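**Student:** Got target-v5.cif for you, mmCIF, C-alpha atoms and all ligand atoms:
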```cif
data_input
loop_
_atom_site.group_PDB
_atom_site.id
_atom_site.type_symbol
_atom_site.label_atom_id
_atom_site.label_comp_id
_atom_site.auth_asym_id
_atom_site.auth_seq_id
_atom_site.Cartn_x
_atom_site.Cartn_y
_atom_site.Cartn_z
ATOM 1 C CA MET W 1 28.890 -6.505 -2.873
ATOM 2 C CA ARG W 2 26.096 -7.018 -0.325
ATOM 3 C CA GLY W 3 24.861 -3.943 1.489
ATOM 4 C CA VAL W 4 21.579 -2.709 2.927
ATOM 5 C CA GLU W 5 19.945 -2.713 -0.519
ATOM 6 C CA GLN W 6 20.523 -6.470 -0.764
ATOM 7 C CA VAL W 7 19.185 -7.309 2.722
ATOM 8 C CA PRO W 8 15.400 -6.993 2.291
ATOM 9 C CA TRP W 9 14.322 -6.909 5.944
ATOM 10 C CA LEU W 10 16.934 -4.286 6.770
ATOM 11 C CA TYR W 11 16.111 -2.209 3.697
ATOM 12 C CA ASP W 12 12.392 -2.273 4.521
ATOM 13 C CA LEU W 13 13.065 -1.350 8.142
ATOM 14 C CA GLY W 14 15.121 1.678 7.087
ATOM 15 C CA LEU W 15 12.649 2.744 4.415
ATOM 16 C CA ALA W 16 9.661 2.405 6.749
ATOM 17 C CA PHE W 17 11.397 4.868 9.058
ATOM 18 C CA LEU W 18 12.327 7.263 6.235
ATOM 19 C CA GLU W 19 8.818 7.139 4.782
ATOM 20 C CA ALA W 20 7.286 7.876 8.184
ATOM 21 C CA THR W 21 9.583 10.873 8.552
ATOM 22 C CA GLY W 22 9.116 12.524 5.151
ATOM 23 C CA LEU W 23 9.914 10.197 2.274
ATOM 24 C CA GLY W 24 6.354 8.849 2.246
ATOM 25 C CA GLY W 25 4.972 11.891 0.434
ATOM 26 C CA TRP W 26 7.578 11.577 -2.282
ATOM 27 C CA ARG W 27 6.772 7.893 -2.784
ATOM 28 C CA LYS W 28 3.052 8.627 -2.877
ATOM 29 C CA TRP W 29 3.722 11.016 -5.740
ATOM 30 C CA LEU W 30 5.896 8.437 -7.535
ATOM 31 C CA VAL W 31 3.129 5.844 -7.675
ATOM 32 C CA GLY W 32 0.350 8.365 -8.314
ATOM 33 C CA LEU W 33 -0.133 7.673 -12.003
ATOM 34 C CA ASP W 34 -2.193 10.271 -13.866
ATOM 35 C CA GLY W 35 -5.219 8.189 -14.684
ATOM 36 C CA ARG W 36 -5.077 4.457 -15.297
ATOM 37 C CA ALA W 37 -2.029 3.224 -17.202
ATOM 38 C CA ALA W 38 -1.928 0.042 -19.205
ATOM 39 C CA ARG W 39 1.631 -1.223 -18.829
ATOM 40 C CA VAL W 40 3.926 -0.007 -16.077
ATOM 41 C CA LEU W 41 7.527 -0.923 -15.353
ATOM 42 C CA ASP W 42 8.802 -0.427 -11.797
ATOM 43 C CA LEU W 43 12.506 -0.186 -12.576
ATOM 44 C CA GLY W 44 14.667 -1.328 -9.673
ATOM 45 C CA CYS W 45 11.569 -2.390 -7.756
ATOM 46 C CA GLY W 46 13.613 -3.761 -4.849
ATOM 47 C CA THR W 47 11.373 -5.176 -2.126
ATOM 48 C CA GLY W 48 8.295 -3.944 -3.979
ATOM 49 C CA ARG W 49 7.273 -0.924 -1.947
ATOM 50 C CA ASN W 50 5.714 0.713 -5.035
ATOM 51 C CA LEU W 51 4.016 -2.378 -6.353
ATOM 52 C CA PRO W 52 0.705 -2.589 -4.435
ATOM 53 C CA THR W 53 -0.322 0.920 -5.485
ATOM 54 C CA LEU W 54 0.901 0.488 -9.052
ATOM 55 C CA ALA W 55 -0.862 -2.863 -9.381
ATOM 56 C CA ALA W 56 -4.121 -1.253 -8.269
ATOM 57 C CA ARG W 57 -3.789 1.453 -10.924
ATOM 58 C CA ALA W 58 -2.405 -0.344 -13.976
ATOM 59 C CA THR W 59 -3.444 -3.246 -16.134
ATOM 60 C CA THR W 60 0.011 -4.841 -16.065
ATOM 61 C CA VAL W 61 2.835 -4.077 -13.671
ATOM 62 C CA ILE W 62 6.287 -5.520 -14.075
ATOM 63 C CA GLY W 63 8.983 -5.063 -11.466
ATOM 64 C CA ALA W 64 12.612 -5.485 -12.475
ATOM 65 C CA ASP W 65 15.553 -5.714 -10.104
ATOM 66 C CA PRO W 66 18.872 -7.585 -10.074
ATOM 67 C CA CYS W 67 18.557 -8.694 -6.419
ATOM 68 C CA ILE W 68 16.797 -12.046 -6.103
ATOM 69 C CA ASP W 69 16.212 -11.732 -2.349
ATOM 70 C CA SER W 70 14.472 -8.384 -2.839
ATOM 71 C CA LEU W 71 12.360 -9.854 -5.628
ATOM 72 C CA ARG W 72 11.243 -12.680 -3.306
ATOM 73 C CA ARG W 73 10.042 -10.112 -0.800
ATOM 74 C CA ALA W 74 8.379 -8.127 -3.596
ATOM 75 C CA ARG W 75 6.529 -11.284 -4.655
ATOM 76 C CA ARG W 76 5.090 -11.687 -1.159
ATOM 77 C CA ARG W 77 4.169 -8.000 -1.009
ATOM 78 C CA GLU W 78 2.311 -7.891 -4.346
ATOM 79 C CA PRO W 79 1.438 -11.194 -6.031
ATOM 80 C CA ARG W 80 -0.294 -9.388 -8.932
ATOM 81 C CA ALA W 81 2.980 -7.934 -10.236
ATOM 82 C CA LEU W 82 5.162 -9.812 -12.684
ATOM 83 C CA LEU W 83 8.767 -9.827 -11.488
ATOM 84 C CA VAL W 84 11.913 -10.098 -13.554
ATOM 85 C CA ARG W 85 15.504 -10.375 -12.428
ATOM 86 C CA ALA W 86 17.229 -7.824 -14.634
ATOM 87 C CA ARG W 87 19.557 -4.859 -14.644
ATOM 88 C CA ALA W 88 18.423 -1.510 -15.979
ATOM 89 C CA GLU W 89 21.356 -1.488 -18.388
ATOM 90 C CA ALA W 90 20.036 -4.575 -20.224
ATOM 91 C CA LEU W 91 16.257 -4.781 -19.954
ATOM 92 C CA PRO W 92 14.715 -7.999 -21.298
ATOM 93 C CA PHE W 93 11.729 -6.248 -22.886
ATOM 94 C CA ARG W 94 10.821 -5.382 -26.444
ATOM 95 C CA ASP W 95 10.994 -1.807 -27.747
ATOM 96 C CA GLY W 96 7.976 0.280 -26.741
ATOM 97 C CA ALA W 97 6.696 -2.170 -24.152
ATOM 98 C CA PHE W 98 5.635 0.321 -21.445
ATOM 99 C CA ASP W 99 3.367 3.355 -21.114
ATOM 100 C CA VAL W 100 4.942 4.374 -17.809
ATOM 101 C CA VAL W 101 8.321 3.642 -16.267
ATOM 102 C CA ALA W 102 8.476 4.466 -12.558
ATOM 103 C CA SER W 103 11.799 4.445 -10.806
ATOM 104 C CA GLY W 104 12.418 5.364 -7.194
ATOM 105 C CA LEU W 105 15.905 5.766 -5.742
ATOM 106 C CA VAL W 106 17.462 3.547 -8.400
ATOM 107 C CA LEU W 107 19.559 5.698 -10.739
ATOM 108 C CA CYS W 108 21.806 6.433 -7.759
ATOM 109 C CA SER W 109 22.545 2.702 -7.607
ATOM 110 C CA VAL W 110 22.836 1.512 -11.202
ATOM 111 C CA ASP W 111 26.389 0.993 -12.453
ATOM 112 C CA ASP W 112 25.905 2.844 -15.738
ATOM 113 C CA PRO W 113 23.188 5.559 -15.707
ATOM 114 C CA PRO W 114 23.533 6.532 -19.411
ATOM 115 C CA ALA W 115 23.116 2.887 -20.469
ATOM 116 C CA ALA W 116 20.185 2.463 -18.078
ATOM 117 C CA LEU W 117 18.450 5.592 -19.365
ATOM 118 C CA ALA W 118 18.983 4.514 -22.971
ATOM 119 C CA GLU W 119 17.276 1.232 -22.141
ATOM 120 C CA VAL W 120 14.425 3.073 -20.407
ATOM 121 C CA ARG W 121 13.908 5.144 -23.560
ATOM 122 C CA ARG W 122 13.958 2.047 -25.723
ATOM 123 C CA VAL W 123 11.239 0.253 -23.754
ATOM 124 C CA MET W 124 8.949 3.298 -23.575
ATOM 125 C CA THR W 125 6.159 3.770 -26.102
ATOM 126 C CA PRO W 126 6.178 7.099 -27.963
ATOM 127 C CA GLY W 127 4.414 9.424 -25.539
ATOM 128 C CA ALA W 128 5.222 7.291 -22.501
ATOM 129 C CA THR W 129 6.401 8.910 -19.289
ATOM 130 C CA LEU W 130 9.260 8.261 -16.925
ATOM 131 C CA ARG W 131 8.390 9.049 -13.301
ATOM 132 C CA LEU W 132 11.538 9.555 -11.292
ATOM 133 C CA LEU W 133 12.240 9.949 -7.616
ATOM 134 C CA GLU W 134 15.901 10.445 -6.788
ATOM 135 C CA HIS W 135 18.379 12.004 -4.462
ATOM 136 C CA VAL W 136 21.140 13.846 -6.266
ATOM 137 C CA ARG W 137 24.388 15.710 -5.875
ATOM 138 C CA SER W 138 23.935 18.800 -3.734
ATOM 139 C CA THR W 139 23.916 22.159 -5.452
ATOM 140 C CA HIS W 140 25.858 23.593 -2.468
ATOM 141 C CA ARG W 141 29.568 23.207 -3.033
ATOM 142 C CA TRP W 142 30.551 22.185 0.472
ATOM 143 C CA GLN W 143 27.683 19.689 0.760
ATOM 144 C CA ALA W 144 28.633 18.187 -2.599
ATOM 145 C CA ARG W 145 32.209 17.924 -1.336
ATOM 146 C CA LEU W 146 30.953 16.082 1.756
ATOM 147 C CA GLN W 147 28.959 13.740 -0.506
ATOM 148 C CA ASP W 148 32.128 13.073 -2.501
ATOM 149 C CA LEU W 149 34.046 12.274 0.684
ATOM 150 C CA ALA W 150 31.285 10.032 2.062
ATOM 151 C CA GLN W 151 30.574 8.259 -1.242
ATOM 152 C CA PRO W 152 32.964 5.271 -0.999
ATOM 153 C CA ALA W 153 31.832 4.328 2.524
ATOM 154 C CA TRP W 154 28.169 5.024 1.724
ATOM 155 C CA THR W 155 28.306 2.942 -1.452
ATOM 156 C CA TRP W 156 29.864 0.064 0.519
ATOM 157 C CA PHE W 157 27.307 0.335 3.346
ATOM 158 C CA THR W 158 24.263 0.568 1.090
ATOM 159 C CA GLY W 159 25.467 -1.913 -1.503
ATOM 160 C CA GLY W 160 25.548 0.462 -4.429
ATOM 161 C CA CYS W 161 24.066 3.900 -3.758
ATOM 162 C CA ARG W 162 26.118 6.923 -4.894
ATOM 163 C CA PRO W 163 24.918 10.084 -3.142
ATOM 164 C CA ASN W 164 26.772 12.481 -5.443
ATOM 165 C CA ARG W 165 25.293 11.753 -8.858
ATOM 166 C CA GLU W 166 24.109 14.471 -11.255
ATOM 167 C CA THR W 167 21.045 12.450 -12.182
ATOM 168 C CA GLU W 168 18.943 15.273 -13.607
ATOM 169 C CA ALA W 169 21.734 16.171 -16.010
ATOM 170 C CA ALA W 170 22.016 12.490 -16.962
ATOM 171 C CA VAL W 171 18.276 12.337 -17.689
ATOM 172 C CA ILE W 172 18.490 15.356 -19.997
ATOM 173 C CA ALA W 173 21.681 14.069 -21.658
ATOM 174 C CA ALA W 174 19.878 10.795 -22.377
ATOM 175 C CA GLY W 175 17.338 12.645 -24.538
ATOM 176 C CA PHE W 176 14.532 13.227 -22.066
ATOM 177 C CA ALA W 177 12.627 16.450 -21.470
ATOM 178 C CA ILE W 178 11.518 17.098 -17.901
ATOM 179 C CA GLU W 179 7.939 18.372 -17.626
ATOM 180 C CA PRO W 180 8.455 21.686 -15.794
ATOM 181 C CA GLY W 181 5.322 21.474 -13.648
ATOM 182 C CA SER W 182 6.265 18.014 -12.435
ATOM 183 C CA ARG W 183 9.656 18.870 -11.030
ATOM 184 C CA ARG W 184 10.158 19.320 -7.286
ATOM 185 C CA ALA W 185 13.456 19.873 -5.520
ATOM 186 C CA ARG W 186 13.984 19.889 -1.791
ATOM 187 C CA GLY W 187 17.538 19.595 -0.520
ATOM 188 C CA SER W 188 19.026 16.723 -2.471
ATOM 189 C CA MET W 189 15.636 15.148 -3.229
ATOM 190 C CA ARG W 190 14.188 15.390 -6.717
ATOM 191 C CA ARG W 191 11.051 14.201 -8.401
ATOM 192 C CA MET W 192 10.117 14.664 -12.033
ATOM 193 C CA VAL W 193 8.159 13.333 -14.966
ATOM 194 C CA ALA W 194 10.216 13.040 -18.145
ATOM 195 C CA SER W 195 9.412 12.024 -21.669
ATOM 196 C CA ALA W 196 11.611 11.341 -24.671
ATOM 197 C CA ARG W 197 12.452 14.446 -26.684
ATOM 198 C CA GLU W 198 11.034 14.120 -30.180
ATOM 199 C CA GLY W 199 13.414 13.391 -33.006
ATOM 200 C CA GLU W 200 16.224 12.148 -30.754
ATOM 201 C CA THR W 201 17.203 8.516 -30.544
HETATM 202 C C1 LIG V 301 17.450 2.191 -2.865
HETATM 203 S S1 LIG V 301 16.817 0.735 -3.599
HETATM 204 C C2 LIG V 301 15.227 1.285 -4.210
HETATM 205 C C3 LIG V 301 14.237 0.159 -4.294
HETATM 206 C C4 LIG V 301 12.817 0.583 -4.672
HETATM 207 N N1 LIG V 301 12.775 1.207 -5.975
HETATM 208 C C5 LIG V 301 12.213 1.519 -3.658
HETATM 209 O O1 LIG V 301 11.770 2.597 -4.026
HETATM 210 O O2 LIG V 301 12.165 1.142 -2.474
HETATM 211 C C6 LIG V 301 17.768 0.620 -5.085
HETATM 212 C C7 LIG V 301 17.390 -0.591 -5.896
HETATM 213 O O3 LIG V 301 18.086 -0.525 -7.142
HETATM 214 C C8 LIG V 301 18.422 -1.833 -7.487
HETATM 215 N N2 LIG V 301 19.501 -1.804 -8.488
HETATM 216 C C9 LIG V 301 20.826 -1.712 -8.286
HETATM 217 N N3 LIG V 301 21.472 -1.756 -9.447
HETATM 218 C C10 LIG V 301 20.529 -1.857 -10.408
HETATM 219 C C11 LIG V 301 20.566 -1.963 -11.815
HETATM 220 N N4 LIG V 301 21.727 -1.949 -12.482
HETATM 221 N N5 LIG V 301 19.410 -2.090 -12.484
HETATM 222 C C12 LIG V 301 18.216 -2.093 -11.812
HETATM 223 N N6 LIG V 301 18.124 -2.009 -10.480
HETATM 224 C C13 LIG V 301 19.264 -1.888 -9.783
HETATM 225 C C14 LIG V 301 18.827 -2.471 -6.176
HETATM 226 O O4 LIG V 301 18.824 -3.885 -6.242
HETATM 227 C C15 LIG V 301 17.767 -1.904 -5.244
HETATM 228 O O5 LIG V 301 16.649 -2.743 -5.171
#
```
Starting from the coordinates I provided, produce the structure as structure tokens.
**Tutor:**
Amino acid sequence: MRGVEQVPWLYDLGLAFLEATGLGGWRKWLVGLDGRAARVLDLGCGTGRNLPTLAARATTVIGADPCIDSLRRARRREPRALLVRARAEALPFRDGAFDVVASGLVLCSVDDPPAALAEVRRVMTPGATLRLLEHVRSTHRWQARLQDLAQPAWTWFTGGCRPNRETEAAVIAAGFAIEPGSRRARGSMRRMVASAREGET
């Protein structure tokens, strides 16, 4: 199904507005790697809005996204990044390939978050970090109810986004520990750094 997420010019227009009105600070955090990383995966890179900053801070940056039109735009935006057409649920990378996985506004759109998170864990080196920026199900009952009611139309309009996902719970259930100091919550927005809990596969 084609929605805003699959129409690159429209997606970029909407995101430019959202970033100018508040989302920009969250994205700046997402791409603000602590120090210089060697190998970074931008999971669900879309039109490549994270890529220029990541490419300036990492030795190798790979962007993965299932939408070919978005990847074409990402290629124009950041020629240094390697781009792969792939779904998070089946990543075409070897185990332990990345030191950092960054993912912005993607787990709301993947079809199968547990499968996607299992793949993220698999491709992370031991000690690697997952930097996540997401919007999640509201903690207020009536707002969550509104999200539930709006979800079918919103998913159709956006081409995949589900506004009512319990993504933080999914991250923990997938065997990640969220670094307490990294977590920020404002309304439905969340950001966090997570790493694989030791001893869990
Ligand atoms: C809201 S956009 C975010 C794009 C980009 N990360 C950003 O911050 O602007 C969601 C992206 O997730 C991608 N996506 C949807 N399903 C996916 C999946 N199963 N695996 C990986 N990416 C997926 C979409 O193609 C889209 O580019």
**Student:** Do you know which residues are at most 6 Å from stretch 79-93 of chain W counting only C-alpha atoms, after dropping those on the same chain fewer than 5 positions away, and could you put them as an mmCIF file with C-alpha atoms, in the coordinates of the input?
**Tutor:**
```cif
data_model
loop_
_atom_site.group_PDB
_atom_site.id
_atom_site.type_symbol
_atom_site.label_atom_id
_atom_site.label_comp_id
_atom_site.auth_asym_id
_atom_site.auth_seq_id
_atom_site.Cartn_x
_atom_site.Cartn_y
_atom_site.Cartn_z
ATOM 1 C CA VAL W 61 2.835 -4.077 -13.671
ATOM 2 C CA ILE W 62 6.287 -5.520 -14.075
ATOM 3 C CA GLY W 63 8.983 -5.063 -11.466
ATOM 4 C CA ALA W 64 12.612 -5.485 -12.475
ATOM 5 C CA ASP W 65 15.553 -5.714 -10.104
ATOM 6 C CA PRO W 66 18.872 -7.585 -10.074
ATOM 7 C CA ALA W 115 23.116 2.887 -20.469
ATOM 8 C CA ALA W 116 20.185 2.463 -18.078
#
```
**Student:** Evaluate the PyMOL selection byres (((not hetatm)) within 7 of (chain V and resi 301)) against this structure - the residues, as an MDAnalysis selection string, please.
**Tutor:** chainID W and resid 5:6 43:50 64:67 70 86:89 103:106 109:111 160:161
**Student:** Expand the PyMOL selection byres (((chain W and resi 7-12) around 12) and not hetatm) into the explicit residue set it covers here, and present it as JSON, numbers by chain.
**Tutor:** {"W": [1, 2, 3, 4, 5, 6, 13, 14, 15, 16, 17, 18, 19, 20, 45, 46, 47, 48, 49, 67, 68, 69, 70, 71, 72, 73, 74, 76, 77, 157, 158, 159]}
**Student:** In Å, how far is it from atom CA of W:Ala38 to atom CA of W:Asp99?
**Tutor:**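 Going from atom CA of W:Ala38 over to atom CA of W:Asp99 covers 6.5 Å.
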**Student:** Between atom CA of W:Gly175 and atom CA of W:Leu51, what is the spacing in Å?
**Tutor:** 27.1 Å
**Student:** Rounded to one decimal in Å, what is the spacing between atom CA of W:Thr125 and atom CA of W:Glu198?
**Tutor:**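 Separation of atom CA of W:Thr125 and atom CA of W:Glu198: 12.1 Å.
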**Student:** Under the PyMOL selection byres (((chain W and resi 33) around 10) and not hetatm), which residues of this model are included? Write them out as a PyMOL selection string.
**Tutor:** chain W and resi 28-32+34-37+40+53-54+57-58+100+102+129+131
**Student:** Is there a way to get, as a PyMOL selection string, all residues within 8 Å of the point (14.1, 12.6, -10.1) in file coordinates, counting only C-alpha atoms?
**Tutor:** chain W and resi 104+131-135+167-168+183+189-193
**Student:** Find the residue from W:Trp154, W:Trp26, W:Phe98, W:Trp142 that sits nearest to W:Arg184; use all atoms listed in the file when measuring.
**Tutor:** W:Trp26
**Student:** Return the single residue from W:Ala150, W:Leu117, W:Leu130, W:Met124 that is closest to W:Ala173, with distances computed using only C-alpha atoms.
**Tutor:**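 Of all the options, W:Leu117 lies closest to W:Ala173.
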**Student:** Padding 4 Å on each side, edges along x, y and z: where is the centre of the box around the listed atoms of stretch 60-67 of chain W, and how long are its edges in Å to one decimal? Output it as JSON.
**Tutor:**
```
{"center_x": 9.4, "center_y": -6.4, "center_z": -11.2, "size_x": 26.9, "size_y": 12.6, "size_z": 17.6}
```
